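S.K.: For reference, the structure I am asking about is given below.
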Amino acid sequence: MIASPLFIHPNIGMIFHMVYIFILIAILLITISIQKWHIYLHIQNHPKTWIGFVGMILITIIFPFSFNVFYHYYFSQKEMVLFMMMLLLAGLLMFKDVKKIQIPILALSFIILFGIIYSTVVYILNSGLIVGSIVLYGYLLFLGLSLSEIKGDKLPLKEIFKLRLLPFELIILAIYVYLFLTAGDLFTYYKDQHTPSIFIHLSDLPKDTLFYLSLMVLILGMTFRWMKVKYVYVILYSVWLGFQVYYSILLLSSFHGAYWKMTDGLFLYIPVILGCLFILLFLSQTLYQTLFKKQKKLN
């Protein structure tokens with residue numbers, strides 16, 4: 001927190017950050033010296049874990065420096081939170097064989113994935129921070145290497161995170177995160193130079209309570225899906241999709257016309273499109289499996 005530009009000058013913050021790095025390295029060396037034989041055996045048995053750990057720590061340390069460019073300092077509060085979560089995940093992965101820790105590891109991995117995608121897309125498009133973004137994607141490579149050592153039979157959520165539904169959920173959650181974090185306008189009204197422009201932000205949306213409520217319903221549905229309570233999460237997902245359809249119609253009626261221009265408001269329509277697309281894919285797959293089984297019985 002000392003290194004945050006909210007409290008002190010960025011250059012001084014970098015000095016404190018380097019001191020923090022040296023303390024971190026000292027703690028690591030002391031730990032290895034005390035438990036050197038246990039550490040040595042663990043490195044031999046889990047090489048990918050240690051390669052991933054070292055790589056993730058190094059990239060986390062480089063992260064603030066790569067976002068500190070001449071005349072500007074991009075390492076804000078959001079990046080500070082991301083920085084701390086990156087350090088925490090690197091440490092948790094050392095204990096990924098413990099089943100009770102695997103669920104927080106997976107949850108934190110998804111949160112960091114959203115944070116990195118959001119940060120890199122926004123900073124590349126708005127600020128041209130290509131080097132810092134590439135550094136962050138290197139973190140994901142080491143994260144994948146460390147996670148690859150988790151055996152399939154040891155992962156309690158392997159049946160929960162099926163690829164059939166997971167990509168849709170990840171994209172929808174990433175959209176929610178982007179809409180909550182960005183301060184940009186969603187819709188703009190502009191008629192002529194004599195008419196004042198109107199900028200619609202997230203807090204200006206009609207019946208915005210429904211928007212926040214739909215996010216809560218989605219998170220509840222995902223939670224019950226993780227718990228494999230099928231009928232409950234199917235009902236919750238149906239309610240969420242109903243919210244999305246209703247809210248999309250509401251937005252079209254409120255911000256549609258010759259003088260309304262859609263900017264980030266486009267993201268508000270993507271969840272309902274993805275939800276309908278998944279239903280079509282699910283129904284087509286079910287129909288195909290039914291016809292295939294009937295054809296197999298006939299043969």
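Chains: A, B, ... in order of the structure tokens. Residues: from 1 per chain. Ligands: from 1, in order shown.
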Please identify which residues in region 44-291 of chain A DSSP calls alpha helix (DSSP H) from the backbone, and express them as a PyMOL selection string.
M.R.: chain A and resi 44-45+47-66+77-92+99-127+130-147+166-181+208-226+230-254+270-291
S.K.: What's around Thr209 (chain A) at 12 Å? Count only C-alpha atoms, leave out sequence neighbours fewer than 6 positions away in its own chain, and write the answer as a PyMOL selection string.
M.R.: chain A and resi 202-203+215-216+243+247
S.K.: At a cut-off of 12 Å, using only C-alpha atoms, what residues contact region 131-139 of chain A? Leave out same-chain residues fewer than 4 positions from it and give the result as an mmCIF file with C-alpha atoms, in the first residue's frame.
M.R.:
data_model
loop_
_atom_site.group_PDB
_atom_site.id
_atom_site.type_symbol
_atom_site.label_atom_id
_atom_site.label_comp_id
_atom_site.auth_asym_id
_atom_site.auth_seq_id
_atom_site.Cartn_x
_atom_site.Cartn_y
_atom_site.Cartn_z
ATOM 1 C CA ILE A 51 9.126 -23.430 -12.196
ATOM 2 C CA GLY A 52 5.640 -21.925 -12.168
ATOM 3 C CA PHE A 53 6.151 -20.454 -8.675
ATOM 4 C CA VAL A 54 9.470 -18.771 -9.547
ATOM 5 C CA GLY A 55 8.115 -17.495 -12.873
ATOM 6 C CA MET A 56 4.917 -16.110 -11.307
ATOM 7 C CA ILE A 57 6.858 -14.360 -8.511
ATOM 8 C CA LEU A 58 9.346 -12.801 -10.961
ATOM 9 C CA ILE A 59 6.616 -11.546 -13.288
ATOM 10 C CA THR A 60 4.661 -10.164 -10.305
ATOM 11 C CA ILE A 61 7.774 -8.257 -9.220
ATOM 12 C CA ILE A 62 8.314 -6.903 -12.764
ATOM 13 C CA PHE A 63 4.629 -5.983 -13.155
ATOM 14 C CA PRO A 64 4.718 -2.533 -11.386
ATOM 15 C CA PHE A 65 7.941 -1.538 -13.181
ATOM 16 C CA SER A 66 6.524 -2.406 -16.610
ATOM 17 C CA PHE A 67 3.504 -0.157 -15.957
ATOM 18 C CA ASN A 68 5.667 2.790 -14.843
ATOM 19 C CA VAL A 69 6.449 4.798 -17.992
ATOM 20 C CA TYR A 74 -0.411 3.492 -14.482
ATOM 21 C CA PHE A 75 -0.107 1.323 -11.361
ATOM 22 C CA GLU A 79 -3.399 -2.935 -10.314
ATOM 23 C CA LEU A 82 -4.224 -7.533 -8.885
ATOM 24 C CA PHE A 83 -0.579 -7.455 -7.714
ATOM 25 C CA MET A 86 -0.939 -12.614 -8.067
ATOM 26 C CA LEU A 87 1.422 -13.048 -5.105
ATOM 27 C CA LEU A 89 -2.014 -17.325 -5.950
ATOM 28 C CA ALA A 90 1.667 -18.112 -6.477
ATOM 29 C CA SER A 109 -7.190 -18.162 -11.026
ATOM 30 C CA ILE A 112 -6.867 -13.051 -12.022
ATOM 31 C CA LEU A 113 -7.613 -14.173 -15.578
ATOM 32 C CA PHE A 114 -10.424 -11.592 -15.789
ATOM 33 C CA GLY A 115 -8.225 -8.905 -14.216
ATOM 34 C CA ILE A 116 -5.348 -9.499 -16.612
ATOM 35 C CA ILE A 117 -7.598 -9.573 -19.687
ATOM 36 C CA TYR A 118 -9.304 -6.355 -18.590
ATOM 37 C CA SER A 119 -6.040 -4.552 -17.757
ATOM 38 C CA THR A 120 -4.255 -5.554 -20.942
ATOM 39 C CA VAL A 121 -7.142 -4.766 -23.302
ATOM 40 C CA VAL A 122 -7.804 -1.357 -21.721
ATOM 41 C CA TYR A 123 -4.157 -0.332 -21.460
ATOM 42 C CA ILE A 124 -3.166 -1.546 -24.934
ATOM 43 C CA LEU A 125 -6.088 0.266 -26.592
ATOM 44 C CA SER A 127 -2.361 3.836 -23.462
ATOM 45 C CA LEU A 143 0.102 -20.360 -13.988
ATOM 46 C CA GLY A 144 -0.951 -22.933 -16.586
ATOM 47 C CA LEU A 145 2.343 -24.804 -16.150
ATOM 48 C CA SER A 146 1.843 -25.056 -12.387
#
S.K.: Suppose you want the space between CA of Leu41 (chain A) and CA of Leu88 (chain A); what is it in Å?
M.R.: 23.1 Å
S.K.: Just give me the gap between CA of His42 (chain A) and CA of Asp97 (chain A) in Å, one decimal is fine.
M.R.: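 About the pair CA of His42 (chain A) and CA of Asp97 (chain A): they are 12.2 Å apart.
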S.K.: Which residues are close to Phe187 (chain A), i.e. within 8 Å by only C-alpha atoms, leaving aside same-chain residues fewer than 2 positions away? Reply as a short mmCIF file (atom, residue, chain, number, x, y, z; two decimals) with C-alpha atoms, in the first residue's frame.
M.R.:
data_model
loop_
_atom_site.label_atom_id
_atom_site.label_comp_id
_atom_site.auth_asym_id
_atom_site.auth_seq_id
_atom_site.Cartn_x
_atom_site.Cartn_y
_atom_site.Cartn_z
CA ASP A 185 -20.26 6.09 -21.13
CA TYR A 189 -27.27 11.38 -27.18
CA PHE A 199 -23.96 10.61 -21.58
CA ILE A 200 -25.48 7.50 -20.01
CA HIS A 201 -23.25 5.65 -17.52
CA PHE A 255 -31.82 4.42 -26.00
CA TRP A 260 -28.63 7.87 -29.81
CA LYS A 261 -25.16 6.38 -30.28
CA MET A 262 -24.13 3.14 -28.58
CA THR A 263 -20.57 2.94 -27.18
CA ASP A 264 -19.80 0.51 -24.32
CA GLY A 265 -23.54 -0.22 -24.15
#
